[in-house]
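Chemist: Structure file upload.cif (mmCIF, C-alpha atoms) right here:
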```
data_structure
#
loop_
_atom_site.label_atom_id
_atom_site.label_comp_id
_atom_site.auth_asym_id
_atom_site.auth_seq_id
_atom_site.Cartn_x
_atom_site.Cartn_y
_atom_site.Cartn_z
CA MET R 591 9.33 -4.15 21.45
CA LEU R 592 11.22 -1.98 18.99
CA ILE R 593 13.38 -4.98 18.09
CA LEU R 594 10.23 -6.97 17.26
CA LEU R 595 9.15 -4.19 14.92
CA LEU R 596 12.39 -4.46 12.95
CA LEU R 597 11.22 -7.54 11.05
CA PRO R 598 8.08 -5.95 9.48
CA ILE R 599 10.01 -2.73 8.80
CA TRP R 600 12.80 -4.67 7.09
CA TYR R 601 10.23 -6.69 5.13
CA THR R 602 8.52 -3.50 3.96
CA TYR R 603 11.83 -1.91 2.92
CA LYS R 604 13.05 -4.94 0.99
CA PHE R 605 9.82 -6.24 -0.52
CA TRP R 606 7.53 -3.24 -1.10
CA ILE R 607 7.91 -3.80 -4.84
CA VAL R 608 6.84 -7.46 -4.89
CA GLU R 609 3.13 -6.72 -5.36
CA LEU R 610 3.86 -4.20 -8.11
CA LEU R 611 6.08 -6.71 -9.94
CA ILE R 612 3.28 -9.26 -9.89
CA ILE R 613 0.63 -6.74 -10.95
CA ASP R 614 2.82 -5.27 -13.69
CA LYS R 615 4.73 -8.27 -15.07
CA ASN R 616 2.87 -11.23 -13.55
CA TYR R 617 6.14 -12.70 -12.23
CA SER R 618 6.23 -15.87 -10.17
CA PHE R 619 6.64 -15.56 -6.39
CA LYS R 620 10.28 -16.56 -6.39
CA ASN R 621 11.28 -14.20 -9.21
CA ALA R 622 9.29 -11.32 -7.75
CA PHE R 623 10.92 -11.69 -4.31
CA LEU R 624 14.43 -12.09 -5.76
CA LEU R 625 14.06 -9.11 -8.08
CA SER R 626 12.52 -7.01 -5.33
CA TYR R 627 15.48 -7.77 -3.06
CA LYS R 628 17.89 -6.66 -5.81
CA MET R 629 15.93 -3.52 -6.63
CA THR R 630 15.69 -2.15 -3.08
CA ASN R 631 19.33 -1.40 -2.31
CA ASN R 632 18.93 2.35 -1.93
CA ILE R 633 17.00 2.51 1.33
CA ILE R 634 17.90 6.18 1.94
CA LEU R 635 16.31 7.37 -1.32
CA PHE R 636 13.19 5.30 -0.66
CA SER R 637 12.94 6.73 2.89
CA ILE R 638 13.24 10.30 1.59
CA ILE R 639 10.53 9.68 -1.02
CA ILE R 640 8.23 8.20 1.64
CA ILE R 641 8.81 11.18 3.97
CA ILE R 642 8.05 13.64 1.14
CA ILE R 643 4.90 11.70 0.22
CA ILE R 644 3.69 11.58 3.85
CA LEU R 645 4.24 15.34 4.22
CA LEU R 646 2.43 16.01 0.92
CA ASN R 647 -0.51 13.85 2.01
CA LEU R 648 -0.70 15.51 5.44
CA ILE R 649 -0.87 18.93 3.78
CA THR R 650 -3.56 17.82 1.30
CA LEU R 651 -5.49 16.15 4.14
CA LEU R 652 -5.85 19.56 5.78
CA LEU R 653 -7.21 21.05 2.53
CA GLY R 654 -10.14 18.64 2.23
CA TYR R 655 -11.29 15.37 0.68
CA ILE R 656 -10.84 16.23 -3.02
CA PHE R 657 -7.34 17.64 -2.46
CA PHE R 658 -6.45 14.61 -0.37
CA ILE R 659 -7.44 12.24 -3.17
CA PHE R 660 -5.46 14.43 -5.59
CA GLY R 661 -2.39 14.17 -3.34
CA LEU R 662 -2.88 10.44 -2.86
CA THR R 663 -3.13 9.87 -6.63
CA CYS R 664 0.09 11.88 -7.14
CA SER R 665 1.76 9.75 -4.44
CA TYR R 666 0.76 6.52 -6.19
CA LEU R 667 1.99 7.94 -9.47
CA VAL R 668 5.39 8.91 -8.02
CA LEU R 669 5.85 5.57 -6.25
CA ILE R 670 4.90 3.50 -9.31
CA HIS R 671 7.13 5.67 -11.49
CA TYR R 672 9.98 5.14 -8.99
CA TYR R 673 9.34 1.38 -9.22
CA ARG R 674 9.61 1.61 -13.01
CA LEU R 675 12.92 3.52 -12.77
CA LEU R 676 14.29 0.84 -10.42
CA LEU R 677 13.16 -1.85 -12.87
CA ILE R 678 14.97 -0.06 -15.73
CA ASP R 679 18.12 0.23 -13.57
CA VAL R 680 18.09 -3.51 -12.81
CA SER R 681 17.49 -4.38 -16.48
CA ASN R 682 20.42 -2.15 -17.53
CA ASN R 683 22.71 -3.74 -14.94
CA LYS R 684 21.82 -7.23 -16.22
CA SER R 685 22.61 -6.40 -19.87
CA MET Q 1323 29.96 12.38 -7.06
CA SER Q 1324 28.90 12.19 -3.41
CA GLN Q 1325 25.92 10.06 -2.42
CA LYS Q 1326 24.02 13.19 -1.37
CA ASN Q 1327 24.30 14.62 -4.88
CA ILE Q 1328 23.27 11.33 -6.48
CA ILE Q 1329 20.16 11.15 -4.29
CA LYS Q 1330 19.34 14.79 -5.07
CA LYS Q 1331 19.75 14.17 -8.79
CA LYS Q 1332 17.57 11.04 -8.70
CA LEU Q 1333 14.86 12.81 -6.69
CA ASN Q 1334 14.85 15.71 -9.14
CA HIS Q 1335 14.58 13.31 -12.06
CA LEU Q 1336 11.76 11.34 -10.40
CA PHE Q 1337 9.59 14.36 -9.56
CA HIS Q 1338 10.38 16.17 -12.83
CA THR Q 1339 9.42 13.18 -15.00
CA SER Q 1340 6.29 12.55 -12.89
CA ILE Q 1341 5.18 16.14 -13.53
CA GLN Q 1342 5.95 15.68 -17.23
CA PHE Q 1343 3.70 12.60 -17.33
CA ILE Q 1344 0.85 14.68 -15.89
CA LYS Q 1345 1.47 17.59 -18.28
CA ASN Q 1346 1.57 15.27 -21.29
CA ASN Q 1347 -1.78 13.67 -20.52
CA VAL Q 1348 -3.81 15.95 -18.25
CA SER Q 1349 -7.20 14.44 -19.17
CA PHE Q 1350 -6.01 10.90 -18.36
CA PHE Q 1351 -4.59 12.15 -15.04
CA PHE Q 1352 -7.91 13.72 -14.05
CA SER Q 1353 -9.66 10.50 -15.08
CA ILE Q 1354 -7.38 8.62 -12.68
CA ILE Q 1355 -8.32 11.03 -9.88
CA ALA Q 1356 -12.03 10.58 -10.71
CA ILE Q 1357 -11.65 6.78 -10.66
CA HIS Q 1358 -9.83 7.02 -7.32
CA LEU Q 1359 -12.61 9.20 -5.90
CA PHE Q 1360 -15.22 6.74 -7.17
CA ILE Q 1361 -13.45 3.70 -5.66
CA ILE Q 1362 -13.01 5.31 -2.24
CA MET Q 1363 -16.60 6.63 -2.12
CA PHE Q 1364 -17.92 3.23 -3.21
CA PHE Q 1365 -16.10 1.44 -0.40
CA ILE Q 1366 -17.03 4.10 2.16
CA LEU Q 1367 -20.71 3.60 1.21
CA ILE Q 1368 -20.43 -0.21 1.40
CA ASN Q 1369 -18.71 0.08 4.81
CA GLN Q 1370 -21.38 2.49 6.05
CA VAL Q 1371 -24.21 0.14 5.03
CA ILE Q 1372 -22.48 -2.94 6.46
CA TYR Q 1373 -21.51 -1.34 9.77
CA THR Q 1374 -25.07 -0.03 10.18
CA TYR Q 1375 -27.00 -3.21 9.39
CA ILE Q 1376 -24.65 -6.15 10.05
CA PRO Q 1377 -22.82 -7.08 13.29
CA ILE Q 1378 -19.58 -7.24 11.33
CA TYR Q 1379 -17.30 -8.08 14.28
CA ASP Q 1380 -19.22 -11.15 15.48
CA LEU Q 1381 -17.19 -14.33 15.67
CA LYS Q 1382 -19.29 -16.26 13.14
CA PHE Q 1383 -18.13 -18.15 10.07
CA GLY Q 1384 -20.54 -16.32 7.74
CA ILE Q 1385 -19.47 -12.88 8.97
CA ILE Q 1386 -15.77 -13.75 8.68
CA LEU Q 1387 -16.40 -15.06 5.15
CA LEU Q 1388 -18.20 -11.80 4.28
CA ARG Q 1389 -15.27 -9.73 5.58
CA PHE Q 1390 -12.78 -11.85 3.66
CA SER Q 1391 -14.86 -11.51 0.47
CA LEU Q 1392 -14.99 -7.73 0.88
CA PHE Q 1393 -11.24 -7.65 1.45
CA CYS Q 1394 -10.75 -9.68 -1.77
CA LEU Q 1395 -13.08 -7.37 -3.69
CA MET Q 1396 -11.21 -4.28 -2.46
CA THR Q 1397 -7.80 -5.80 -3.22
CA GLY Q 1398 -8.92 -6.88 -6.71
CA VAL Q 1399 -10.24 -3.40 -7.50
CA TRP Q 1400 -6.99 -1.80 -6.25
CA VAL Q 1401 -5.01 -4.15 -8.50
CA GLY Q 1402 -7.10 -2.92 -11.45
CA TYR Q 1403 -6.53 0.69 -10.36
CA PHE Q 1404 -2.76 0.18 -10.26
CA LYS Q 1405 -2.96 -1.37 -13.74
CA ILE Q 1406 -4.63 1.85 -14.92
CA ILE Q 1407 -1.82 3.95 -13.36
CA LEU Q 1408 0.75 1.70 -15.09
CA SER Q 1409 -1.09 2.30 -18.39
CA PHE Q 1410 -0.88 6.04 -17.69
CA ILE Q 1411 2.90 5.81 -17.18
CA ASP Q 1412 3.26 3.71 -20.35
CA CYS Q 1413 1.06 6.21 -22.29
CA LYS Q 1414 -1.34 3.40 -23.21
CA ASN Q 1415 -5.11 3.55 -23.46
CA TYR Q 1416 -7.22 2.53 -20.50
CA ASN Q 1417 -10.65 1.10 -19.96
CA LEU Q 1418 -12.83 1.34 -16.86
CA THR Q 1419 -13.43 -2.42 -17.04
CA MET Q 1420 -9.72 -2.82 -16.18
CA LEU Q 1421 -10.81 -2.29 -12.58
CA LEU Q 1422 -12.57 -5.66 -12.64
CA GLN Q 1423 -10.38 -7.56 -15.10
CA ASN Q 1424 -7.41 -8.45 -12.90
CA PHE Q 1425 -8.89 -10.76 -10.31
CA ASN Q 1426 -6.84 -13.63 -11.78
CA ILE Q 1427 -3.71 -12.44 -9.92
CA LEU Q 1428 -5.62 -12.03 -6.66
CA PRO Q 1429 -4.41 -15.36 -5.12
CA LYS Q 1430 -0.78 -14.27 -5.57
CA ILE Q 1431 -1.45 -10.85 -4.03
CA LEU Q 1432 -3.30 -12.44 -1.09
CA ALA Q 1433 -0.40 -14.85 -0.51
CA ILE Q 1434 2.05 -11.91 -0.43
CA ARG Q 1435 -0.18 -10.06 2.03
CA PHE Q 1436 -0.26 -13.21 4.17
CA ILE Q 1437 3.58 -13.36 4.18
CA SER Q 1438 3.73 -9.67 5.13
CA TYR Q 1439 1.36 -10.36 8.04
CA LEU Q 1440 3.64 -13.25 9.09
CA SER Q 1441 6.45 -10.73 9.60
CA LEU Q 1442 4.21 -9.10 12.23
CA VAL Q 1443 3.74 -12.32 14.21
CA PRO Q 1444 6.52 -11.75 16.83
CA PHE Q 1445 5.16 -8.26 17.50
CA ILE Q 1446 1.58 -9.53 17.80
CA ILE Q 1447 2.66 -12.33 20.19
CA TYR Q 1448 4.39 -9.72 22.34
CA LEU Q 1449 1.27 -7.51 22.35
CA LEU Q 1450 -1.02 -10.43 23.26
CA ASN Q 1451 1.34 -11.36 26.05
CA GLN Q 1452 1.38 -7.81 27.42
CA PHE Q 1453 -2.31 -7.00 26.82
CA PRO Q 1454 -4.49 -10.16 26.71
CA TYR Q 1455 -7.19 -10.14 24.01
CA ASP Q 1456 -10.72 -10.29 25.41
CA ILE Q 1457 -12.75 -12.16 22.77
CA ASN Q 1458 -16.06 -11.25 24.49
CA GLN Q 1459 -15.23 -7.55 24.47
CA TYR Q 1460 -13.69 -7.22 21.02
CA GLY Q 1461 -15.07 -10.17 18.97
CA THR Q 1462 -13.01 -9.95 15.78
CA ASN Q 1463 -12.53 -6.18 16.04
CA ILE Q 1464 -8.73 -6.16 16.11
CA GLU Q 1465 -8.65 -2.45 15.20
CA GLN Q 1466 -10.53 -1.59 18.41
CA TYR Q 1467 -8.12 -3.73 20.44
CA MET Q 1468 -5.11 -1.92 18.96
CA LEU Q 1469 -6.77 1.46 19.41
CA ASN Q 1470 -7.51 0.71 23.07
CA ILE Q 1471 -3.91 -0.29 23.68
CA PHE Q 1472 -2.59 2.94 22.24
CA LEU Q 1473 -5.24 5.21 23.77
CA GLU Q 1474 -6.04 3.73 27.15
CA GLU Q 1475 -2.98 1.76 28.23
CA ASN Q 1476 0.16 3.49 29.36
CA ILE Q 1477 2.03 3.78 26.07
CA THR Q 1478 5.44 3.77 27.76
CA SER Q 1479 4.74 0.27 29.07
CA LEU Q 1480 4.89 -0.92 25.46
CA PHE Q 1481 8.52 0.08 25.17
CA THR Q 1482 9.71 -1.40 28.42
CA CYS Q 1483 10.19 -5.10 28.98
#
```
As structure tokens, what does this structure read like?

Modeler:
Amino acid sequence: MLILLLLPIWYTYKFWIVELLIIDKNYSFKNAFLLSYKMTNNIILFSIIIIIIILLNLITLLLGYIFFIFGLTCSYLVLIHYYRLLLIDVSNNKS
Amino acid sequence: MSQKNIIKKKLNHLFHTSIQFIKNNVSFFFSIIAIHLFIIMFFILINQVIYTYIPIYDLKFGIILLRFSLFCLMTGVWVGYFKIILSFIDCKNYNLTMLLQNFNILPKILAIRFISYLSLVPFIIYLLNQFPYDINQYGTNIEQYMLNIFLEENITSLFTC
């Protein structure tokens, strides 16, 4: 069963940015998938960020609803900012 | 420089600049939190009303269409919310109507969600093979089916072939 879970996990790791690329830049499917694949090379950094975010959200969850929403908003902010940094990196590598 | 140091440096930069964004525009940041609170409370209320008055898990075309419409509404609003966060990062102005102005990219987002669900197909086939889905018991309540598997069935049987 664990092997069967590898496909969605791999998909999430490689293409978590696709939706953000479409929301932010309105890219076509093909371009969004290709760019996302290029941008998600550093899986270790992404994993560490996700672990930190999960821990932060678990702590805020214990503090109550308002704090949880505060933590969740911070998480979105950090993730979207990380996406922007990756986009800048890819743009710099192209030029 | 070792990879560990590079990762540490990047993490520091990411969290430091994120905090700087918040410090530079505190009022906008609290507006984002307020909008987030509003969105979640709005959908909790809608869910509460629907679950109380409508048999939402019945296998009927109208009910399935209602669920799909609600899913589209939620996704469209989240797209608008992410646009507001992107405006915050870009230090641009925002407008509350942005929440409802980005439904034009909804078909693309739904298609991407569909592809992501496709990646789950082998896993779902395995689950259905191991634990047959009783349509009379669950209707379209897939969440209940999954919950029952993880709570009632022997969880170790999932990991053994």

Chemist: Return as a PDB file with C-alpha atoms, keeping the file's coordinate frame the residues belonging to chain R that are within 8 Å of chain Q, counting only C-alpha atoms.

Modeler:
```
ATOM      1  CA  MET R 591       9.330  -4.150  21.450  1.00  0.00           C
ATOM      2  CA  LEU R 592      11.220  -1.980  18.990  1.00  0.00           C
ATOM      3  CA  LEU R 594      10.230  -6.970  17.260  1.00  0.00           C
ATOM      4  CA  LEU R 595       9.150  -4.190  14.920  1.00  0.00           C
ATOM      5  CA  LEU R 597      11.220  -7.540  11.050  1.00  0.00           C
ATOM      6  CA  PRO R 598       8.080  -5.950   9.480  1.00  0.00           C
ATOM      7  CA  TYR R 601      10.230  -6.690   5.130  1.00  0.00           C
ATOM      8  CA  THR R 602       8.520  -3.500   3.960  1.00  0.00           C
ATOM      9  CA  VAL R 608       6.840  -7.460  -4.890  1.00  0.00           C
ATOM     10  CA  GLU R 609       3.130  -6.720  -5.360  1.00  0.00           C
ATOM     11  CA  ILE R 612       3.280  -9.260  -9.890  1.00  0.00           C
ATOM     12  CA  ILE R 613       0.630  -6.740 -10.950  1.00  0.00           C
ATOM     13  CA  ASP R 614       2.820  -5.270 -13.690  1.00  0.00           C
ATOM     14  CA  ASN R 616       2.870 -11.230 -13.550  1.00  0.00           C
ATOM     15  CA  PHE R 619       6.640 -15.560  -6.390  1.00  0.00           C
ATOM     16  CA  LEU R 635      16.310   7.370  -1.320  1.00  0.00           C
ATOM     17  CA  ILE R 639      10.530   9.680  -1.020  1.00  0.00           C
ATOM     18  CA  ILE R 656     -10.840  16.230  -3.020  1.00  0.00           C
ATOM     19  CA  ILE R 659      -7.440  12.240  -3.170  1.00  0.00           C
ATOM     20  CA  PHE R 660      -5.460  14.430  -5.590  1.00  0.00           C
ATOM     21  CA  THR R 663      -3.130   9.870  -6.630  1.00  0.00           C
ATOM     22  CA  LEU R 667       1.990   7.940  -9.470  1.00  0.00           C
ATOM     23  CA  VAL R 668       5.390   8.910  -8.020  1.00  0.00           C
ATOM     24  CA  ILE R 670       4.900   3.500  -9.310  1.00  0.00           C
ATOM     25  CA  HIS R 671       7.130   5.670 -11.490  1.00  0.00           C
ATOM     26  CA  TYR R 672       9.980   5.140  -8.990  1.00  0.00           C
TER      27      TYR R 672
END
```

Chemist: Which is closer to Asn1458 (chain Q) than all the others in Q:Ile1368, Q:Leu1381, Q:Met1396, Q:Ile1376, using all atoms listed in the file?

Modeler: Q:Leu1381

Chemist: Record the distance separating CA of Pro1454 (chain Q) and CA of Ile1471 (chain Q), expressed in Å with one decimal.

Modeler: 10.3 Å

Chemist: What's around region 621-629 of chain R at 8 Å? Count all atoms listed in the file, leave out sequence neighbours fewer than 4 positions away in its own chain, and write the answer as a ChimeraX atom specification.

Modeler: /R:604-608,611-612,617,676-677,680

Chemist: Would you put the residues from that selection into a file with C-alpha atoms, as a short mmCIF file (atom, residue, chain, number, x, y, z; two decimals), in the frame of the given file?

Modeler:
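Here's the written file selection-v4.cif:
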```cif
data_model
loop_
_atom_site.label_atom_id
_atom_site.label_comp_id
_atom_site.auth_asym_id
_atom_site.auth_seq_id
_atom_site.Cartn_x
_atom_site.Cartn_y
_atom_site.Cartn_z
CA LYS R 604 13.05 -4.94 0.99
CA PHE R 605 9.82 -6.24 -0.52
CA TRP R 606 7.53 -3.24 -1.10
CA ILE R 607 7.91 -3.80 -4.84
CA VAL R 608 6.84 -7.46 -4.89
CA LEU R 611 6.08 -6.71 -9.94
CA ILE R 612 3.28 -9.26 -9.89
CA TYR R 617 6.14 -12.70 -12.23
CA LEU R 676 14.29 0.84 -10.42
CA LEU R 677 13.16 -1.85 -12.87
CA VAL R 680 18.09 -3.51 -12.81
#
```

Chemist: Report the residues retrieved by the PyMOL selection byres ((chain R and resi 642-652) around 10) from the displayed file, expressed as a list in words.

Modeler: Phe636, Ser637, Ile638, Ile639, Ile640, Ile641, Leu653, Gly654, Tyr655, Ile656, Phe657, Phe658, Ile659, Phe660, Gly661, Leu662, Thr663, Cys664, Ser665, Tyr666, Val668 and Leu669 of chain R

Chemist: Between CA of Asn632 (chain R) and CA of Trp600 (chain R), what distance in Å does the model show, to one decimal?

Modeler: 13.0 Å

Chemist: Provide an axis-aligned box for all listed atoms of region 1362-1368 of chain Q, padding each side by 6 Å; report its centre and its edge lengths in Å to one decimal, as AutoDock Vina command-line options.

Modeler:
```
--center_x -16.9 --center_y 3.2 --center_z -0.5 --size_x 19.7 --size_y 18.8 --size_z 17.4
```

Chemist: CA of Tyr1379 (chain Q) and CA of Phe1436 (chain Q) are how many Å apart?

Modeler: 20.5 Å

Chemist: Considering only C-alpha atoms, can you say which of Q:Glu1465, Q:Tyr1403, Q:Phe1472, Q:Ile1385 comes closest to Phe1453 (chain Q)?

Modeler: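 Between Q:Glu1465, Q:Tyr1403, Q:Phe1472, Q:Ile1385, the residue approaching Phe1453 (chain Q) most closely is Q:Phe1472.
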